[in-house]
file structure.tsv (TSV, C-alpha atoms)
chain	number	residue	atom	x	y	z
A	1	MET	CA	-72.11	-143.79	-128.81
A	2	ILE	CA	-74.67	-146.34	-129.99
A	3	ASN	CA	-78.32	-145.48	-129.37
A	4	ILE	CA	-81.34	-147.77	-129.72
A	5	ALA	CA	-84.83	-146.26	-129.85
A	6	ILE	CA	-87.78	-148.31	-128.63
A	7	ASP	CA	-91.20	-146.73	-129.06
A	8	GLY	CA	-94.62	-148.23	-128.52
A	9	THR	CA	-98.05	-148.12	-127.01
A	10	ALA	CA	-98.86	-148.07	-123.28
A	11	GLY	CA	-98.47	-151.50	-121.71
A	12	SER	CA	-96.61	-153.01	-124.67
A	13	GLY	CA	-93.71	-154.08	-122.46
A	14	LYS	CA	-91.29	-151.36	-123.55
A	15	GLY	CA	-89.85	-150.93	-120.09
A	16	THR	CA	-89.34	-154.61	-119.29
A	17	ILE	CA	-87.90	-155.46	-122.69
A	18	SER	CA	-85.65	-152.38	-122.78
A	19	LYS	CA	-84.13	-153.41	-119.45
A	20	LEU	CA	-83.55	-156.96	-120.70
A	21	LEU	CA	-81.95	-155.69	-123.90
A	22	ALA	CA	-79.74	-153.22	-122.03
A	23	LYS	CA	-78.50	-155.98	-119.72
A	24	LYS	CA	-77.86	-158.28	-122.68
A	25	LEU	CA	-75.85	-155.65	-124.57
A	26	GLY	CA	-74.23	-153.97	-121.57
A	27	TYR	CA	-75.88	-150.61	-122.37
A	28	TYR	CA	-77.69	-148.19	-120.13
A	29	HIS	CA	-81.48	-148.08	-120.34
A	30	LEU	CA	-83.37	-144.80	-120.06
A	31	ASP	CA	-87.00	-145.00	-119.01
A	32	THR	CA	-88.29	-141.75	-120.51
A	33	GLY	CA	-91.74	-142.42	-119.09
A	34	ALA	CA	-90.21	-141.97	-115.65
A	35	ILE	CA	-89.12	-138.47	-116.64
A	36	TYR	CA	-92.66	-137.48	-117.62
A	37	ARG	CA	-94.07	-139.22	-114.54
A	38	SER	CA	-91.64	-137.30	-112.34
A	39	LEU	CA	-92.69	-134.00	-113.88
A	40	THR	CA	-96.33	-134.98	-113.35
A	41	TYR	CA	-95.64	-135.85	-109.72
A	42	PHE	CA	-93.99	-132.45	-109.21
A	43	LEU	CA	-96.86	-130.55	-110.82
A	44	ILE	CA	-99.42	-132.41	-108.71
A	45	GLN	CA	-97.43	-131.62	-105.57
A	46	GLU	CA	-97.42	-127.97	-106.63
A	47	LYS	CA	-101.21	-128.16	-107.10
A	48	VAL	CA	-100.97	-127.01	-110.71
A	49	ASP	CA	-103.97	-127.30	-113.04
A	50	LEU	CA	-102.77	-130.04	-115.39
A	51	ASN	CA	-104.77	-128.58	-118.26
A	52	ASP	CA	-103.24	-125.11	-117.90
A	53	GLU	CA	-100.26	-125.12	-120.28
A	54	LYS	CA	-99.10	-121.64	-119.33
A	55	GLU	CA	-99.07	-122.43	-115.59
A	56	ILE	CA	-97.30	-125.75	-116.22
A	57	CYS	CA	-94.55	-124.12	-118.26
A	58	LYS	CA	-94.04	-121.42	-115.65
A	59	THR	CA	-93.91	-123.95	-112.80
A	60	LEU	CA	-91.35	-126.15	-114.59
A	61	GLU	CA	-88.95	-123.20	-114.67
A	62	LYS	CA	-88.26	-123.71	-110.96
A	63	ILE	CA	-87.87	-127.50	-110.97
A	64	ASP	CA	-84.60	-129.21	-110.07
A	65	PHE	CA	-84.73	-132.59	-111.77
A	66	LYS	CA	-81.96	-134.96	-112.88
A	67	VAL	CA	-81.61	-138.54	-114.07
A	68	GLN	CA	-78.73	-140.53	-112.63
A	69	PHE	CA	-77.58	-144.06	-113.46
A	70	GLU	CA	-76.12	-146.38	-110.80
A	71	LYS	CA	-75.45	-150.09	-110.30
A	72	ASP	CA	-76.93	-152.07	-107.42
A	73	LYS	CA	-75.04	-154.71	-105.42
A	74	ASP	CA	-75.88	-157.34	-108.06
A	75	GLY	CA	-74.57	-155.20	-110.90
A	76	ASN	CA	-78.03	-154.29	-112.19
A	77	GLN	CA	-78.69	-150.80	-113.49
A	78	VAL	CA	-80.75	-148.43	-111.38
A	79	GLN	CA	-82.22	-145.25	-112.84
A	80	LYS	CA	-82.66	-142.60	-110.18
A	81	ASN	CA	-85.19	-139.88	-110.94
A	82	LEU	CA	-84.04	-137.10	-108.64
A	83	LEU	CA	-86.49	-134.34	-107.80
A	84	PHE	CA	-84.67	-131.74	-105.71
A	85	GLY	CA	-82.24	-134.53	-104.81
A	86	GLU	CA	-84.90	-137.09	-103.79
A	87	ASP	CA	-85.17	-140.35	-105.70
A	88	LEU	CA	-88.90	-140.63	-106.41
A	89	LYS	CA	-88.81	-144.44	-106.80
A	90	ASN	CA	-92.34	-145.92	-106.73
A	91	LYS	CA	-94.02	-142.61	-105.94
A	92	ILE	CA	-94.42	-142.15	-109.70
A	93	ARG	CA	-95.81	-145.67	-110.34
A	94	THR	CA	-99.48	-145.07	-109.59
A	95	GLU	CA	-102.45	-145.18	-111.93
A	96	GLU	CA	-103.21	-141.53	-111.09
A	97	ILE	CA	-99.75	-140.56	-112.30
A	98	SER	CA	-100.19	-142.70	-115.44
A	99	VAL	CA	-103.43	-140.97	-116.41
A	100	SER	CA	-102.20	-137.48	-115.48
A	101	THR	CA	-98.97	-137.97	-117.43
A	102	SER	CA	-100.95	-138.42	-120.64
A	103	ILE	CA	-102.44	-134.96	-120.03
A	104	ILE	CA	-99.24	-132.98	-119.47
A	105	SER	CA	-97.14	-134.82	-122.04
A	106	LYS	CA	-99.01	-133.12	-124.87
A	107	PHE	CA	-97.53	-129.71	-124.04
A	108	ASP	CA	-94.44	-128.43	-125.91
A	109	CYS	CA	-92.58	-127.13	-122.85
A	110	VAL	CA	-92.93	-130.47	-121.11
A	111	ARG	CA	-91.67	-132.44	-124.10
A	112	LYS	CA	-88.79	-130.02	-124.69
A	113	PHE	CA	-87.74	-130.36	-121.04
A	114	ALA	CA	-87.72	-134.17	-121.31
A	115	THR	CA	-86.04	-134.17	-124.73
A	116	LYS	CA	-83.16	-132.04	-123.46
A	117	ILE	CA	-82.43	-134.59	-120.73
A	118	GLN	CA	-82.59	-137.45	-123.25
A	119	HIS	CA	-80.20	-135.73	-125.68
A	120	GLU	CA	-77.67	-135.12	-122.91
A	121	LEU	CA	-77.69	-138.76	-121.80
A	122	ALA	CA	-77.63	-140.13	-125.37
A	123	SER	CA	-74.46	-138.15	-126.06
A	124	LYS	CA	-72.70	-139.67	-123.03
A	125	TYR	CA	-73.69	-143.33	-123.06
A	126	ASP	CA	-74.41	-146.36	-125.24
A	127	LEU	CA	-78.08	-146.06	-124.51
A	128	ILE	CA	-81.43	-147.73	-125.05
A	129	ILE	CA	-84.19	-145.13	-124.85
A	130	GLU	CA	-87.83	-146.15	-124.71
A	131	GLY	CA	-90.83	-143.91	-125.04
A	132	ARG	CA	-93.34	-142.75	-127.60
A	133	ASP	CA	-91.49	-140.31	-129.83
A	134	ILE	CA	-87.88	-141.47	-129.60
A	135	GLY	CA	-87.41	-142.71	-133.16
A	136	THR	CA	-89.42	-139.89	-134.71
A	137	VAL	CA	-88.42	-136.82	-132.67
A	138	VAL	CA	-85.85	-137.38	-129.93
A	139	LEU	CA	-83.37	-139.62	-131.78
A	140	PRO	CA	-84.37	-139.70	-135.46
A	141	ASN	CA	-80.83	-140.88	-136.31
A	142	ALA	CA	-80.74	-143.72	-133.75
A	143	ASP	CA	-78.68	-146.71	-134.84
A	144	TYR	CA	-81.67	-149.04	-134.39
A	145	LYS	CA	-85.38	-148.32	-134.02
A	146	PHE	CA	-88.17	-150.59	-132.82
A	147	PHE	CA	-91.89	-150.06	-132.34
A	148	LEU	CA	-93.64	-152.41	-129.90
A	149	THR	CA	-97.36	-152.92	-129.58
A	150	ALA	CA	-99.97	-155.50	-128.58
A	151	LYS	CA	-103.74	-155.81	-128.55
A	152	PRO	CA	-105.33	-153.39	-126.01
A	153	GLU	CA	-106.99	-156.24	-124.10
A	154	ILE	CA	-103.67	-157.99	-123.60
A	155	ARG	CA	-101.91	-154.79	-122.58
A	156	ALA	CA	-104.66	-154.11	-120.03
A	157	LYS	CA	-104.33	-157.63	-118.61
A	158	ARG	CA	-100.56	-157.16	-118.27
A	159	ARG	CA	-100.97	-153.81	-116.56
A	160	ALA	CA	-103.59	-155.18	-114.16
A	161	GLU	CA	-101.23	-158.01	-113.22
A	162	GLN	CA	-98.31	-155.60	-112.84
A	163	LEU	CA	-100.35	-153.44	-110.48
A	164	ASN	CA	-101.84	-156.51	-108.76
A	165	GLN	CA	-105.30	-155.08	-109.51
A	166	PRO	CA	-107.19	-157.73	-111.53
A	167	GLN	CA	-110.46	-156.29	-110.26
A	168	ASN	CA	-109.70	-153.03	-112.11
A	169	TYR	CA	-109.18	-154.66	-115.53
A	170	ASN	CA	-112.09	-152.85	-117.22
A	171	LYS	CA	-110.98	-149.44	-115.95
A	172	ILE	CA	-107.37	-150.11	-116.95
A	173	LEU	CA	-108.49	-151.20	-120.44
A	174	LYS	CA	-110.52	-148.01	-120.79
A	175	ASP	CA	-107.54	-145.92	-119.63
A	176	ILE	CA	-105.19	-147.64	-122.09
A	177	ILE	CA	-107.53	-147.08	-125.03
A	178	GLU	CA	-107.90	-143.42	-124.06
A	179	ARG	CA	-104.13	-143.12	-123.59
A	180	ASP	CA	-103.51	-144.52	-127.08
A	181	GLU	CA	-105.92	-142.03	-128.58
A	182	ALA	CA	-104.44	-139.10	-126.65
A	183	ASP	CA	-100.88	-140.10	-127.56
A	184	MET	CA	-101.63	-140.51	-131.25
A	185	LYS	CA	-103.72	-137.36	-131.60
A	186	ARG	CA	-101.63	-134.88	-129.60
A	187	LYS	CA	-100.17	-132.03	-131.65
A	188	SER	CA	-96.69	-132.15	-130.11
A	189	SER	CA	-94.69	-135.29	-130.97
A	190	PRO	CA	-97.59	-137.71	-131.45
A	191	LEU	CA	-97.10	-141.44	-130.98
A	192	LYS	CA	-96.36	-143.03	-134.34
A	193	ARG	CA	-94.05	-145.59	-135.83
A	194	ALA	CA	-90.98	-144.13	-137.56
A	195	ASP	CA	-90.76	-145.13	-141.21
A	196	ASP	CA	-87.56	-147.08	-140.56
A	197	ALA	CA	-88.63	-148.64	-137.24
A	198	ILE	CA	-89.04	-152.40	-136.96
A	199	LEU	CA	-92.60	-153.25	-135.91
A	200	ILE	CA	-93.08	-156.03	-133.35
A	201	ASP	CA	-96.54	-157.07	-132.18
A	202	ASN	CA	-95.88	-159.04	-129.00
A	203	SER	CA	-99.50	-159.90	-128.17
A	204	PHE	CA	-98.63	-163.59	-128.10
A	205	GLN	CA	-94.96	-163.40	-127.17
A	206	THR	CA	-93.21	-163.57	-123.84
A	207	ALA	CA	-90.78	-160.79	-123.00
A	208	PHE	CA	-87.87	-163.12	-123.78
A	209	GLN	CA	-89.32	-164.05	-127.18
A	210	THR	CA	-89.63	-160.35	-128.02
A	211	LEU	CA	-86.06	-159.82	-126.82
A	212	SER	CA	-84.77	-162.63	-129.05
A	213	GLU	CA	-86.55	-161.16	-132.07
A	214	MET	CA	-85.03	-157.73	-131.42
A	215	ILE	CA	-81.53	-159.12	-130.97
A	216	SER	CA	-81.83	-160.89	-134.33
A	217	TYR	CA	-82.00	-157.46	-135.99
A	218	ILE	CA	-79.04	-155.97	-134.11
A	219	LYS	CA	-75.64	-156.55	-135.71

call {"tool": "encode", "arguments": {"input": "structure.tsv", "output": "structure tokens"}}
result
Amino acid sequence: MINIAIDGTAGSGKGTISKLLAKKLGYYHLDTGAIYRSLTYFLIQEKVDLNDEKEICKTLEKIDFKVQFEKDKDGNQVQKNLLFGEDLKNKIRTEEISVSTSIISKFDCVRKFATKIQHELASKYDLIIEGRDIGTVVLPNADYKFFLTAKPEIRAKRRAEQLNQPQNYNKILKDIIERDEADMKRKSSPLKRADDAILIDNSFQTAFQTLSEMISYIK
């Protein structure tokens, strides 16, 4: 199996570019953020204190969560995040989930749960995995590693457009800066560029320009 690790900061376009690259190469694309978002959604539904590591770990012991890949009618990949058999779809794509995910993702039991799923899928498929600790922790021996980033102001503008919330730009910028700090300073699997990862700052690139640059490195 060939695995490609794509790490990067919040709003750097990891998801969009990973999907484009997967389609170009004919690989599967795993959105690891969706795994953490799904766990966050579950914990919120269970009314768990998101700062209580012990309670979180205990609650996750009873979760039934799986990731499943399918193709839609146009042949495009669909990642289903199944919580007790229900595909969560856009239920995990809210700003509340984004902010809350940065809180729970710092805990060891949460990261170990997500890492186990990622290892299982990486052993079965030619896979592009995007996240924040893929090249450093999850797949340190990945065939290719990339680290994407962009200026915080540009990432906030992209996120505001994605959410169709231009009026919330300042709040989104503040959240992104805080997310960066939390990701980089957490004790468990902090966000950092692997020594052998190719750094791409796409502040002034389109998604397709970033894609072209990445493909130029892949043999």

call {"tool": "atom_distance", "arguments": {"input": "structure.tsv", "atom1": "CA of Glu181 in chain A", "atom2": "CA of Gly8 in chain A"}}
result
12.9 Å

call {"tool": "closest_atom_pairs", "arguments": {"input": "structure.tsv", "of": "range 100-181 of chain A", "to": "range 60-76 of chain A", "cutoff": "12 Å", "atoms": "only C-alpha atoms", "output": "CSV"}}
result
residue,atom,partner,partner_atom,distance
A:Ile104,CA,A:Leu60,CA,11.5
A:Phe107,CA,A:Leu60,CA,11.8
A:Asp108,CA,A:Leu60,CA,12.0
A:Cys109,CA,A:Leu60,CA,8.4
A:Val110,CA,A:Leu60,CA,8.0
A:Arg111,CA,A:Leu60,CA,11.4
A:Lys112,CA,A:Leu60,CA,11.1
A:Phe113,CA,A:Leu60,CA,8.5
A:Ala114,CA,A:Phe65,CA,10.1
A:Lys116,CA,A:Lys66,CA,11.0
A:Ile117,CA,A:Val67,CA,7.8
A:Gln118,CA,A:Val67,CA,9.3
A:Glu120,CA,A:Val67,CA,10.3
A:Leu121,CA,A:Val67,CA,8.7
A:Lys124,CA,A:Phe69,CA,11.6
A:Tyr125,CA,A:Phe69,CA,10.4
A:Leu127,CA,A:Phe69,CA,11.2

call {"tool": "axis_aligned_box", "arguments": {"input": "structure.tsv", "around": "range 96-106 of chain A", "padding_each_side": "8 Å", "output": "AutoDock Vina command-line options"}}
result
--center_x -100.3 --center_y -137.8 --center_z -118.0 --size_x 22.3 --size_y 25.7 --size_z 29.8

call {"tool": "closest_residue", "arguments": {"input": "structure.tsv", "among": "A:Ile129, A:Ile2, A:Leu25, A:Ile172", "to": "Arg155 in chain A", "atoms": "all atoms listed in the file"}}
result
A:Ile172

call {"tool": "closest_residue", "arguments": {"input": "structure.tsv", "among": "A:Val138, A:Ile215, A:Tyr27, A:Ala10", "to": "Lys174 in chain A", "atoms": "all atoms listed in the file"}}
result
A:Ala10

call {"tool": "closest_residue", "arguments": {"input": "structure.tsv", "among": "A:Arg37, A:Arg186, A:Arg159, A:Lys171", "to": "Lys91 in chain A", "atoms": "all atoms listed in the file"}}
result
A:Arg37

call {"tool": "atom_distance", "arguments": {"input": "structure.tsv", "atom1": "CA of Ala194 in chain A", "atom2": "CA of Lys14 in chain A"}}
result
15.8 Å

call {"tool": "closest_residue", "arguments": {"input": "structure.tsv", "among": "A:Asp201, A:Glu130, A:Asp183, A:Asp195", "to": "Ala22 in chain A", "atoms": "only C-alpha atoms"}}
result
A:Glu130

call {"tool": "atom_distance", "arguments": {"input": "structure.tsv", "atom1": "CA of Thr59 in chain A", "atom2": "CA of Lys106 in chain A"}}
result
16.0 Å

call {"tool": "decode", "arguments": {"input": "structure.tsv", "residues": "range 133-146 of chain A", "atoms": "all heavy atoms", "output": "JSON list (two decimals), in the first residue's frame"}}
result
[["chain", "number", "residue", "atom", "x", "y", "z"],
["A", 133, "ASP", "N", -1.02, 15.31, 12.77],
["A", 133, "ASP", "CA", 0.12, 14.55, 13.30],
["A", 133, "ASP", "C", 0.35, 13.29, 12.47],
["A", 133, "ASP", "O", 0.89, 12.31, 12.97],
["A", 133, "ASP", "CB", -0.13, 14.18, 14.76],
["A", 133, "ASP", "CG", -1.33, 13.26, 14.94],
["A", 133, "ASP", "OD1", -2.14, 13.13, 13.99],
["A", 133, "ASP", "OD2", -1.47, 12.66, 16.02],
["A", 134, "ILE", "N", -0.03, 13.33, 11.21],
["A", 134, "ILE", "CA", 0.07, 12.12, 10.39],
["A", 134, "ILE", "C", 1.53, 11.76, 10.11],
["A", 134, "ILE", "O", 1.96, 10.63, 10.34],
["A", 134, "ILE", "CB", -0.71, 12.29, 9.06],
["A", 134, "ILE", "CG1", -2.11, 12.82, 9.31],
["A", 134, "ILE", "CG2", -0.76, 10.95, 8.32],
["A", 134, "ILE", "CD1", -2.94, 11.99, 10.25],
["A", 135, "GLY", "N", 2.28, 12.73, 9.61],
["A", 135, "GLY", "CA", 3.67, 12.45, 9.25],
["A", 135, "GLY", "C", 4.60, 12.27, 10.44],
["A", 135, "GLY", "O", 5.67, 11.67, 10.31],
["A", 136, "THR", "N", 4.19, 12.78, 11.59],
["A", 136, "THR", "CA", 5.06, 12.68, 12.78],
["A", 136, "THR", "C", 4.70, 11.51, 13.69],
["A", 136, "THR", "O", 5.59, 10.90, 14.29],
["A", 136, "THR", "CB", 4.97, 13.98, 13.62],
["A", 136, "THR", "OG1", 3.59, 14.25, 13.91],
["A", 136, "THR", "CG2", 5.58, 15.15, 12.86],
["A", 137, "VAL", "N", 3.41, 11.18, 13.79],
["A", 137, "VAL", "CA", 2.97, 10.16, 14.76],
["A", 137, "VAL", "C", 2.24, 8.99, 14.11],
["A", 137, "VAL", "O", 2.60, 7.83, 14.32],
["A", 137, "VAL", "CB", 2.06, 10.79, 15.84],
["A", 137, "VAL", "CG1", 1.53, 9.72, 16.79],
["A", 137, "VAL", "CG2", 2.82, 11.86, 16.61],
["A", 138, "VAL", "N", 1.22, 9.29, 13.33],
["A", 138, "VAL", "CA", 0.36, 8.22, 12.78],
["A", 138, "VAL", "C", 1.08, 7.39, 11.73],
["A", 138, "VAL", "O", 1.10, 6.16, 11.80],
["A", 138, "VAL", "CB", -0.93, 8.82, 12.18],
["A", 138, "VAL", "CG1", -1.81, 7.71, 11.61],
["A", 138, "VAL", "CG2", -1.69, 9.60, 13.25],
["A", 139, "LEU", "N", 1.68, 8.07, 10.73],
["A", 139, "LEU", "CA", 2.38, 7.36, 9.66],
["A", 139, "LEU", "C", 3.78, 7.95, 9.46],
["A", 139, "LEU", "O", 4.06, 8.58, 8.44],
["A", 139, "LEU", "CB", 1.59, 7.46, 8.35],
["A", 139, "LEU", "CG", 0.24, 6.74, 8.29],
["A", 139, "LEU", "CD1", -0.44, 7.01, 6.95],
["A", 139, "LEU", "CD2", 0.40, 5.24, 8.50],
["A", 140, "PRO", "N", 4.67, 7.74, 10.42],
["A", 140, "PRO", "CA", 6.01, 8.32, 10.29],
["A", 140, "PRO", "C", 6.80, 7.74, 9.12],
["A", 140, "PRO", "O", 7.77, 8.36, 8.66],
["A", 140, "PRO", "CB", 6.68, 7.97, 11.63],
["A", 140, "PRO", "CG", 5.92, 6.78, 12.14],
["A", 140, "PRO", "CD", 4.51, 6.99, 11.68],
["A", 141, "ASN", "N", 6.36, 6.59, 8.59],
["A", 141, "ASN", "CA", 7.04, 5.97, 7.45],
["A", 141, "ASN", "C", 6.24, 6.12, 6.16],
["A", 141, "ASN", "O", 6.41, 5.32, 5.23],
["A", 141, "ASN", "CB", 7.30, 4.49, 7.74],
["A", 141, "ASN", "CG", 8.24, 4.29, 8.92],
["A", 141, "ASN", "OD1", 9.25, 4.97, 9.03],
["A", 141, "ASN", "ND2", 7.91, 3.35, 9.79],
["A", 142, "ALA", "N", 5.37, 7.12, 6.10],
["A", 142, "ALA", "CA", 4.58, 7.36, 4.89],
["A", 142, "ALA", "C", 5.49, 7.55, 3.69],
["A", 142, "ALA", "O", 6.62, 8.04, 3.81],
["A", 142, "ALA", "CB", 3.69, 8.59, 5.07],
["A", 143, "ASP", "N", 5.02, 7.13, 2.52],
["A", 143, "ASP", "CA", 5.84, 7.23, 1.31],
["A", 143, "ASP", "C", 6.13, 8.68, 0.93],
["A", 143, "ASP", "O", 7.21, 9.00, 0.43],
["A", 143, "ASP", "CB", 5.11, 6.53, 0.15],
["A", 143, "ASP", "CG", 4.90, 5.06, 0.43],
["A", 143, "ASP", "OD1", 5.80, 4.26, 0.12],
["A", 143, "ASP", "OD2", 3.84, 4.70, 0.99],
["A", 144, "TYR", "N", 5.15, 9.56, 1.16],
["A", 144, "TYR", "CA", 5.33, 10.99, 0.91],
["A", 144, "TYR", "C", 4.69, 11.77, 2.05],
["A", 144, "TYR", "O", 3.65, 11.37, 2.58],
["A", 144, "TYR", "CB", 4.68, 11.41, -0.41],
["A", 144, "TYR", "CG", 5.27, 10.74, -1.63],
["A", 144, "TYR", "CD1", 4.67, 9.60, -2.16],
["A", 144, "TYR", "CD2", 6.42, 11.23, -2.23],
["A", 144, "TYR", "CE1", 5.21, 8.97, -3.27],
["A", 144, "TYR", "CE2", 6.96, 10.61, -3.34],
["A", 144, "TYR", "CZ", 6.37, 9.47, -3.86],
["A", 144, "TYR", "OH", 6.90, 8.84, -4.94],
["A", 145, "LYS", "N", 5.31, 12.89, 2.41],
["A", 145, "LYS", "CA", 4.78, 13.74, 3.47],
["A", 145, "LYS", "C", 4.77, 15.20, 3.02],
["A", 145, "LYS", "O", 5.76, 15.69, 2.45],
["A", 145, "LYS", "CB", 5.65, 13.64, 4.74],
["A", 145, "LYS", "CG", 5.74, 12.26, 5.35],
["A", 145, "LYS", "CD", 6.65, 12.29, 6.58],
["A", 145, "LYS", "CE", 6.91, 10.91, 7.14],
["A", 145, "LYS", "NZ", 7.82, 10.96, 8.30],
["A", 146, "PHE", "N", 3.66, 15.87, 3.29],
["A", 146, "PHE", "CA", 3.53, 17.29, 2.98],
["A", 146, "PHE", "C", 3.01, 18.03, 4.21],
["A", 146, "PHE", "O", 2.27, 17.47, 5.02],
["A", 146, "PHE", "CB", 2.55, 17.51, 1.82],
["A", 146, "PHE", "CG", 3.01, 16.92, 0.51],
["A", 146, "PHE", "CD1", 2.61, 15.63, 0.14],
["A", 146, "PHE", "CD2", 3.83, 17.64, -0.34],
["A", 146, "PHE", "CE1", 3.03, 15.09, -1.06],
["A", 146, "PHE", "CE2", 4.26, 17.09, -1.55],
["A", 146, "PHE", "CZ", 3.86, 15.82, -1.91]]
